[in-house]
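Student: Contents are compact mmCIF, C-alpha atoms; file name target07.txt:
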# COMPACT_ATOMS: atom_id res chain seq x y z
CA MET V 1 8.39 -27.01 -19.26
CA ARG V 2 8.56 -25.74 -15.71
CA GLN V 3 8.47 -21.94 -15.47
CA ASN V 4 11.51 -20.22 -13.98
CA LEU V 5 10.06 -18.19 -11.13
CA PRO V 6 11.38 -14.78 -10.06
CA GLU V 7 12.72 -14.35 -6.56
CA ARG V 8 10.21 -13.38 -3.89
CA MET V 9 10.12 -9.69 -3.03
CA GLU V 10 11.15 -8.20 0.32
CA HIS V 11 8.59 -6.25 2.33
CA GLY V 12 8.41 -4.30 5.56
CA GLY V 13 6.17 -5.20 8.48
CA ARG V 14 8.27 -8.18 9.61
CA VAL V 15 7.98 -7.37 13.30
CA ARG V 16 6.43 -10.76 14.16
CA TRP V 17 9.36 -12.53 12.44
CA HIS V 18 11.83 -10.58 14.57
CA ARG V 19 9.89 -11.29 17.76
CA THR V 20 10.01 -15.03 17.13
CA ARG V 21 13.79 -14.72 17.03
CA GLY V 22 14.08 -13.23 20.48
CA ARG V 23 13.95 -9.53 19.68
CA GLY V 24 11.14 -8.92 22.16
CA GLU V 25 8.91 -5.87 21.80
CA LEU V 26 9.85 -3.65 18.87
CA LEU V 27 8.52 -0.34 17.61
CA ASP V 28 7.71 -1.15 13.99
CA PHE V 29 8.54 1.81 11.75
CA SER V 30 8.94 -0.52 8.75
CA ALA V 31 5.19 -0.83 8.03
CA ASN V 32 3.20 2.20 6.91
CA ILE V 33 0.15 1.77 9.12
CA ASN V 34 -2.15 4.55 10.34
CA PRO V 35 -0.99 5.43 13.90
CA TYR V 36 -4.31 7.19 14.58
CA PRO V 37 -6.93 4.80 13.21
CA PRO V 38 -10.66 5.49 13.57
CA ASP V 39 -12.35 3.76 16.48
CA ILE V 40 -14.50 1.09 14.84
CA SER V 41 -17.03 -0.62 17.10
CA TRP V 42 -16.67 -4.05 15.53
CA THR V 43 -16.67 -7.39 17.33
CA PRO V 44 -16.09 -10.57 15.31
CA ASP V 45 -19.15 -12.82 15.24
CA PRO V 46 -17.90 -16.44 15.24
CA SER V 47 -21.20 -17.66 13.81
CA VAL V 48 -20.34 -16.17 10.39
CA LEU V 49 -17.57 -18.75 10.10
CA ASN V 50 -20.17 -21.49 9.72
CA ASP V 51 -20.80 -20.59 6.07
CA TYR V 52 -18.76 -19.81 3.00
CA PRO V 53 -18.48 -16.12 2.19
CA ASP V 54 -20.69 -14.80 -0.60
CA ASP V 55 -18.07 -14.95 -3.35
CA ARG V 56 -19.86 -12.19 -5.27
CA TYR V 57 -19.52 -9.98 -2.17
CA GLU V 58 -22.66 -8.12 -3.16
CA ALA V 59 -23.32 -6.40 0.19
CA LEU V 60 -19.67 -5.38 0.55
CA LYS V 61 -19.46 -4.00 -2.98
CA GLU V 62 -22.68 -2.05 -2.51
CA VAL V 63 -21.21 -0.33 0.57
CA ILE V 64 -17.95 0.46 -1.27
CA GLY V 65 -19.87 1.73 -4.28
CA ARG V 66 -21.99 4.08 -2.16
CA THR V 67 -18.86 5.40 -0.43
CA PHE V 68 -17.19 6.37 -3.71
CA GLY V 69 -20.14 7.02 -6.01
CA ARG V 70 -19.50 3.90 -8.10
CA ASP V 71 -21.78 1.07 -9.16
CA ALA V 72 -21.18 -2.23 -7.37
CA ALA V 73 -20.30 -3.80 -10.73
CA GLU V 74 -17.32 -1.41 -10.90
CA VAL V 75 -15.79 -2.75 -7.66
CA ALA V 76 -13.30 -5.59 -7.20
CA VAL V 77 -12.22 -6.97 -3.81
CA GLY V 78 -9.31 -9.14 -2.76
CA ASN V 79 -7.24 -10.60 0.03
CA GLY V 80 -5.04 -7.51 0.31
CA SER V 81 -4.01 -5.25 -2.54
CA ILE V 82 -1.37 -7.71 -3.78
CA GLU V 83 -3.99 -10.25 -4.77
CA LEU V 84 -5.64 -7.65 -7.00
CA ILE V 85 -2.28 -6.65 -8.52
CA ARG V 86 -1.66 -10.25 -9.49
CA ALA V 87 -5.22 -10.86 -10.65
CA PHE V 88 -5.11 -7.75 -12.85
CA CYS V 89 -1.80 -8.77 -14.43
CA SER V 90 -2.97 -12.35 -14.98
CA ALA V 91 -6.11 -11.03 -16.68
CA MET V 92 -4.51 -8.29 -18.77
CA LEU V 93 -0.95 -9.42 -19.56
CA GLY V 94 0.69 -12.43 -21.16
CA PRO V 95 3.78 -13.56 -23.06
CA GLY V 96 4.94 -10.85 -25.47
CA ASP V 97 3.35 -8.02 -23.46
CA ALA V 98 5.28 -5.37 -21.57
CA ALA V 99 4.43 -3.26 -18.53
CA CYS V 100 5.97 0.12 -17.79
CA ILE V 101 7.29 0.42 -14.22
CA THR V 102 9.39 3.35 -13.02
CA PRO V 103 11.63 2.42 -10.06
CA PRO V 104 11.99 2.79 -7.18
CA THR V 105 8.46 1.67 -6.45
CA PHE V 106 6.45 -1.21 -4.99
CA ALA V 107 8.22 -4.44 -5.96
CA GLU V 108 5.04 -6.49 -6.36
CA TYR V 109 4.23 -4.81 -9.68
CA GLU V 110 7.30 -6.42 -11.23
CA MET V 111 6.58 -9.75 -9.58
CA ALA V 112 3.00 -9.81 -10.89
CA VAL V 113 4.11 -8.86 -14.41
CA LEU V 114 6.75 -11.59 -14.51
CA LEU V 115 4.38 -14.22 -13.10
CA ALA V 116 1.93 -13.34 -15.88
CA GLY V 117 4.66 -14.16 -18.43
CA ALA V 118 5.14 -10.55 -19.50
CA ARG V 119 8.21 -8.32 -19.18
CA CYS V 120 8.98 -5.00 -17.54
CA THR V 121 10.15 -1.89 -19.36
CA ASP V 122 10.75 1.78 -18.65
CA GLU V 123 9.47 2.72 -22.12
CA SER V 124 5.81 3.70 -21.88
CA ASN V 125 5.26 3.65 -25.66
CA GLU V 126 5.76 -0.14 -25.83
CA ALA V 127 3.73 -1.06 -22.74
CA ALA V 128 0.28 -2.64 -22.52
CA VAL V 129 0.02 -1.50 -18.88
CA ARG V 130 1.57 1.45 -17.11
CA PHE V 131 1.91 1.36 -13.32
CA LEU V 132 1.72 4.46 -11.15
CA CYS V 133 1.85 4.38 -7.35
CA ASN V 134 0.37 7.62 -5.99
CA PRO V 135 1.71 8.49 -3.45
CA ASN V 136 4.70 6.42 -4.48
CA ASN V 137 6.17 3.82 -2.17
CA PRO V 138 8.90 4.35 -0.95
CA THR V 139 9.67 7.88 -2.17
CA GLY V 140 6.42 9.63 -1.28
CA ALA V 141 6.33 11.36 -4.68
CA PHE V 142 2.77 12.57 -5.24
CA HIS V 143 0.89 13.58 -8.40
CA THR V 144 -2.15 15.83 -8.44
CA ARG V 145 -5.44 14.72 -9.95
CA PRO V 146 -4.96 16.85 -13.10
CA GLU V 147 -1.50 15.34 -13.60
CA VAL V 148 -2.81 11.79 -13.32
CA LEU V 149 -5.72 12.57 -15.66
CA ARG V 150 -3.24 13.79 -18.28
CA LEU V 151 -1.21 10.61 -17.83
CA LEU V 152 -4.39 8.54 -18.21
CA ALA V 153 -5.26 10.33 -21.45
CA ALA V 154 -1.77 9.75 -22.86
CA THR V 155 -1.81 6.09 -21.79
CA ALA V 156 -5.25 5.48 -23.31
CA GLU V 157 -4.19 7.14 -26.56
CA GLN V 158 -1.52 4.44 -26.87
CA GLY V 159 -4.15 1.75 -26.29
CA ALA V 160 -2.69 0.85 -22.88
CA TYR V 161 -4.11 0.59 -19.36
CA LEU V 162 -3.15 2.76 -16.42
CA PHE V 163 -2.89 0.76 -13.19
CA LEU V 164 -3.16 3.44 -10.50
CA ASP V 165 -2.20 2.29 -7.00
CA GLU V 166 -3.71 4.62 -4.39
CA ALA V 167 -3.02 2.42 -1.37
CA PHE V 168 -1.73 5.37 0.67
CA ILE V 169 -3.82 8.22 -0.69
CA GLU V 170 -6.39 7.93 2.11
CA LEU V 171 -3.65 9.04 4.54
CA SER V 172 -2.36 11.71 2.15
CA ASP V 173 -4.81 13.80 0.08
CA PRO V 174 -7.84 11.84 -1.21
CA ARG V 175 -9.01 14.91 -3.13
CA GLN V 176 -6.40 13.95 -5.73
CA SER V 177 -7.85 10.46 -6.16
CA LEU V 178 -9.26 9.03 -9.38
CA ALA V 179 -11.48 6.53 -7.55
CA ASP V 180 -14.53 8.33 -8.92
CA VAL V 181 -13.34 8.22 -12.55
CA SER V 182 -14.80 5.54 -14.82
CA HIS V 183 -12.57 5.02 -17.85
CA GLU V 184 -12.13 1.88 -19.92
CA ASN V 185 -8.32 2.14 -19.65
CA LEU V 186 -8.14 2.72 -15.89
CA PHE V 187 -7.89 0.46 -12.85
CA VAL V 188 -7.64 2.13 -9.41
CA LEU V 189 -6.31 0.08 -6.49
CA ARG V 190 -6.98 0.83 -2.82
CA SER V 191 -6.18 -0.78 0.54
CA LEU V 192 -8.42 -0.53 3.57
CA THR V 193 -6.17 -2.27 6.07
CA LYS V 194 -3.42 0.37 6.09
CA SER V 195 -5.73 3.29 6.77
CA PHE V 196 -7.73 1.46 9.47
CA ALA V 197 -4.61 -0.19 10.95
CA VAL V 198 -5.72 -3.80 10.56
CA PRO V 199 -3.08 -5.29 8.21
CA GLY V 200 -3.67 -8.74 9.68
CA ILE V 201 -7.16 -8.87 8.17
CA ARG V 202 -5.88 -8.42 4.59
CA PHE V 203 -8.37 -6.48 2.49
CA GLY V 204 -7.86 -4.62 -0.78
CA TYR V 205 -10.32 -3.25 -3.31
CA GLY V 206 -10.29 -1.58 -6.69
CA PHE V 207 -12.34 0.21 -9.34
CA GLY V 208 -12.73 -0.20 -13.07
CA THR V 209 -15.36 -0.51 -15.76
CA PRO V 210 -17.73 -3.49 -15.31
CA GLU V 211 -16.00 -5.27 -18.19
CA LEU V 212 -12.55 -4.86 -16.63
CA ILE V 213 -13.77 -5.82 -13.17
CA GLU V 214 -15.37 -8.98 -14.57
CA ARG V 215 -12.01 -10.04 -16.04
CA VAL V 216 -10.18 -9.38 -12.78
CA GLU V 217 -12.83 -11.18 -10.70
CA THR V 218 -12.71 -14.17 -13.07
CA VAL V 219 -8.99 -14.59 -12.42
CA ARG V 220 -9.23 -13.99 -8.66
CA LEU V 221 -9.40 -17.14 -6.57
CA PRO V 222 -12.86 -17.75 -5.04
CA TRP V 223 -13.66 -16.87 -1.42
CA THR V 224 -10.36 -15.09 -0.76
CA VAL V 225 -11.98 -12.34 1.34
CA ASN V 226 -12.93 -14.19 4.51
CA THR V 227 -16.08 -13.41 6.45
CA PHE V 228 -14.28 -11.58 9.28
CA ALA V 229 -12.53 -9.32 6.75
CA GLU V 230 -15.81 -8.71 4.91
CA SER V 231 -17.62 -7.86 8.15
CA PHE V 232 -14.91 -5.45 9.31
CA ALA V 233 -14.67 -3.78 5.89
CA ILE V 234 -18.40 -3.07 5.77
CA GLU V 235 -18.24 -1.41 9.20
CA ALA V 236 -15.09 0.54 8.28
CA PHE V 237 -16.62 1.98 5.13
CA ARG V 238 -19.56 3.19 7.19
CA ASN V 239 -16.99 5.21 9.17
CA TYR V 240 -14.86 6.19 6.20
CA ASP V 241 -15.21 9.95 6.71
CA THR V 242 -13.53 9.74 10.12
CA LEU V 243 -10.15 9.28 8.40
CA GLU V 244 -9.93 13.08 8.11
CA GLU V 245 -8.79 13.29 11.73
CA SER V 246 -6.10 10.69 11.04
CA ARG V 247 -4.75 12.73 8.13
CA GLU V 248 -4.53 15.89 10.22
CA LYS V 249 -2.63 14.19 13.04
CA ILE V 250 -0.28 12.40 10.61
CA ALA V 251 0.52 15.68 8.86
CA ARG V 252 1.50 17.29 12.18
CA GLU V 253 3.71 14.41 13.22
CA ARG V 254 5.23 14.14 9.75
CA GLY V 255 6.28 17.78 9.95
CA TRP V 256 7.77 17.24 13.42
CA LEU V 257 9.73 14.22 12.22
CA CYS V 258 11.06 16.05 9.17
CA ASP V 259 12.28 18.93 11.34
CA ARG V 260 14.12 16.50 13.61
CA MET V 261 15.59 14.61 10.66
CA ALA V 262 16.92 17.87 9.25
CA GLY V 263 18.35 18.66 12.68
CA LEU V 264 20.32 15.40 12.52
CA GLY V 265 21.69 16.40 9.11
CA LEU V 266 19.65 13.73 7.31
CA ALA V 267 18.31 14.32 3.81
CA TYR V 268 14.86 13.02 2.96
CA GLU V 269 12.44 12.99 0.05
CA PRO V 270 9.52 15.43 0.44
CA PRO V 271 6.90 13.21 2.12
CA SER V 272 3.21 13.18 1.26
CA ALA V 273 1.78 10.28 3.26
CA ASN V 274 2.53 8.44 6.49
CA TYR V 275 6.15 7.49 5.68
CA ILE V 276 9.45 9.22 4.91
CA LEU V 277 12.34 8.03 2.71
CA VAL V 278 15.59 9.03 4.44
CA GLU V 279 19.13 9.01 3.06
CA VAL V 280 21.65 7.83 5.66
CA PRO V 281 25.44 8.46 5.86
CA MET V 282 26.41 4.83 6.40
CA GLU V 283 25.72 1.30 5.23
CA THR V 284 21.99 0.75 5.58
CA GLU V 285 22.28 -2.75 7.00
CA VAL V 286 24.61 -1.49 9.74
CA LEU V 287 22.18 1.26 10.77
CA VAL V 288 19.22 -1.12 10.68
CA GLU V 289 21.02 -3.56 12.98
CA ARG V 290 22.02 -0.76 15.38
CA LEU V 291 18.44 0.48 15.55
CA LEU V 292 17.22 -3.03 16.29
CA ARG V 293 19.39 -2.99 19.42
CA HIS V 294 17.33 0.04 20.47
CA ASP V 295 14.11 -1.90 19.75
CA ILE V 296 13.40 0.12 16.59
CA LEU V 297 12.57 -1.62 13.29
CA VAL V 298 12.86 0.46 10.10
CA ARG V 299 12.57 -0.48 6.43
CA ASP V 300 15.87 -1.35 4.78
CA CYS V 301 15.49 0.06 1.26
CA ARG V 302 18.19 -1.98 -0.44
CA SER V 303 15.42 -4.13 -1.94
CA PHE V 304 14.16 -0.96 -3.69
CA GLY V 305 17.64 -0.47 -5.20
CA LEU V 306 18.45 2.23 -2.62
CA PRO V 307 21.52 1.04 -0.67
CA ARG V 308 21.83 4.22 1.42
CA HIS V 309 18.21 4.77 2.39
CA ILE V 310 15.76 3.72 5.05
CA ARG V 311 12.01 4.28 5.10
CA VAL V 312 10.35 5.18 8.37
CA ALA V 313 6.65 5.26 9.10
CA VAL V 314 5.02 8.20 10.87
CA ARG V 315 3.80 6.95 14.24
CA THR V 316 2.53 8.61 17.42
CA HIS V 317 4.48 11.52 18.90
CA GLU V 318 6.02 9.49 21.73
CA GLU V 319 7.05 6.73 19.34
CA ASN V 320 8.49 9.25 16.88
CA ARG V 321 10.48 10.80 19.72
CA GLN V 322 11.95 7.37 20.51
CA LEU V 323 12.94 6.95 16.86
CA ILE V 324 14.81 10.26 16.84
CA GLU V 325 16.60 9.38 20.09
CA ALA V 326 17.64 6.03 18.64
CA LEU V 327 18.91 7.67 15.45
CA GLU V 328 20.94 10.13 17.49
CA ALA V 329 22.59 7.20 19.28
CA CYS V 330 23.16 5.10 16.15
CA LEU V 331 24.32 7.56 13.49
CA PRO V 332 28.08 8.19 13.12
What do you get writing this file as structure tokens?
Tutor:
Amino acid sequence: MRQNLPERMEHGGRVRWHRTRGRGELLDFSANINPYPPDISWTPDPSVLNDYPDDRYEALKEVIGRTFGRDAAEVAVGNGSIELIRAFCSAMLGPGDAACITPPTFAEYEMAVLLAGARCTDESNEAAVRFLCNPNNPTGAFHTRPEVLRLLAATAEQGAYLFLDEAFIELSDPRQSLADVSHENLFVLRSLTKSFAVPGIRFGYGFGTPELIERVETVRLPWTVNTFAESFAIEAFRNYDTLEESREKIARERGWLCDRMAGLGLAYEPPSANYILVEVPMETEVLVERLLRHDILVRDCRSFGLPRHIRVAVRTHEENRQLIEALEACLP
């Protein structure tokens, strides 16, 4: 019997789609990309395309392991973080299982659970997997390391796994990360491409016990991390510490944006990373369309179940100033 598939999820970062439809140059505030990425001296070497990638990605995993104090056998890699979300769910969930997801949050958790044949619930005591996005997308809600450790202990006591998505923690407060924690009931997901501003490369990675990683890697399609992505990732991890400067600049601009939002009478969730969830006093789709006429693209949050909210990325000061000017012109 053919499986009834769920509807595809909506995402931000559709600036190329808009450009192909005559929108011209847009400032993309819909994708949460580091506006102050480290300067990586990397030039693609076309000769690496002559061979298949090493599907074990041994050199890449060694570099990631050294960066985070983990063994290479505790590292998984994928073509963006979404591939690892789906691989994890395919490996760990099946018909009859449930996963605990607390909305609003990243829609791909639900998609991956449903594609694995499992169901979603908001009851943690009946779940085989509990998802936590930290910082959460789109709200920016952020849990400290002690809070997440307590949640991990409670989840493990129920015999469940904690899937901890830290895709934005590198641009927030990495001191709160659990990337260095090895626990049989924990999988930690990360994304390199957001923090180094190369979303077109597509590269995600994660941490777990060797046994858990082996299951995830068995499900993952072979050769999904291409040789250009592997080469860039290795160079980026060698410059990983330089992200501190990015965090400092983002924090300053985030504060400036919040002050200006408050000055416009807009309410927003307390932000913790490089994006802000903003409540707007009008139909979201109307505001989004008005902003497009000012060459500003923001994230329409109706797909998160938030019909009166937009999410805006933190960009450079001049770009943020243009966003505020456009909001002033577009709000009632």
Student: Would you work out the distance separating atom CA of V:Glu25 from atom CA of V:Glu325, expressed in Å to one decimal?
Tutor: 17.2 Å
Student: Of the residues V:Phe163, V:Tyr52, V:Trp42, V:Tyr36, which is the one nearest to V:Ala251, using only C-alpha atoms?
Tutor: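 Ranking V:Phe163, V:Tyr52, V:Trp42, V:Tyr36 by distance to V:Ala251, first place goes to V:Tyr36.
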Student: Closest to V:Glu244 among V:Asp173, V:Asp39, V:Asp165, V:Glu211, using only C-alpha atoms?
Tutor: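 Ranked by minimum distance to V:Glu244, first place goes to V:Asp173.
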Student: Restricting the calculation to only C-alpha atoms, which member of V:Gly263, V:Val188, V:Glu108, V:Leu297 is positioned closest to V:Arg8?
Tutor: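 Of the candidates, the smallest distance to V:Arg8 is held by V:Glu108.
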Student: Pick out the residues sitting within 10 Å of V:Glu235, and hand them over as a list of chain:residue names; count all atoms listed in the file, and ignore anything fewer than 3 positions along from it in its own chain.
Tutor: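 Listed by chain and then number, they are V:Ile40, V:Ser41, V:Trp42, V:Leu60, V:Val63, V:Glu230, V:Ser231, V:Phe232, V:Arg238, V:Asn239, V:Tyr240.
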Student: Store the residues picked out above in a file with C-alpha atoms, as an mmCIF file, in the coordinates of the input.
Tutor:
data_model
loop_
_atom_site.group_PDB
_atom_site.id
_atom_site.type_symbol
_atom_site.label_atom_id
_atom_site.label_comp_id
_atom_site.auth_asym_id
_atom_site.auth_seq_id
_atom_site.Cartn_x
_atom_site.Cartn_y
_atom_site.Cartn_z
ATOM 1 C CA ILE V 40 -14.500 1.090 14.840
ATOM 2 C CA SER V 41 -17.030 -0.620 17.100
ATOM 3 C CA TRP V 42 -16.670 -4.050 15.530
ATOM 4 C CA LEU V 60 -19.670 -5.380 0.550
ATOM 5 C CA VAL V 63 -21.210 -0.330 0.570
ATOM 6 C CA GLU V 230 -15.810 -8.710 4.910
ATOM 7 C CA SER V 231 -17.620 -7.860 8.150
ATOM 8 C CA PHE V 232 -14.910 -5.450 9.310
ATOM 9 C CA ARG V 238 -19.560 3.190 7.190
ATOM 10 C CA ASN V 239 -16.990 5.210 9.170
ATOM 11 C CA TYR V 240 -14.860 6.190 6.200
#
Student: Please, what distance in Å, to one decimal, runs between atom CA of V:Ile276 and atom CA of V:Pro174?
Tutor: 18.5 Å
Student: Work out how far atom CA of V:Thr227 is from atom CA of V:Ser30, in Å to one decimal.
Tutor: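 Atom CA of V:Thr227 lies 28.2 Å from atom CA of V:Ser30.
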Student: Please provide as an mmCIF file with C-alpha atoms, keeping the file's coordinate frame all residues within 8 Å of V:Pro35, with the sequence filter that same-chain residues fewer than 3 positions apart are discarded (counting all atoms listed in the file).
Tutor:
data_model
loop_
_atom_site.group_PDB
_atom_site.id
_atom_site.type_symbol
_atom_site.label_atom_id
_atom_site.label_comp_id
_atom_site.auth_asym_id
_atom_site.auth_seq_id
_atom_site.Cartn_x
_atom_site.Cartn_y
_atom_site.Cartn_z
ATOM 1 C CA ALA V 197 -4.610 -0.190 10.950
ATOM 2 C CA SER V 246 -6.100 10.690 11.040
ATOM 3 C CA ILE V 250 -0.280 12.400 10.610
ATOM 4 C CA VAL V 314 5.020 8.200 10.870
ATOM 5 C CA ARG V 315 3.800 6.950 14.240
ATOM 6 C CA THR V 316 2.530 8.610 17.420
#
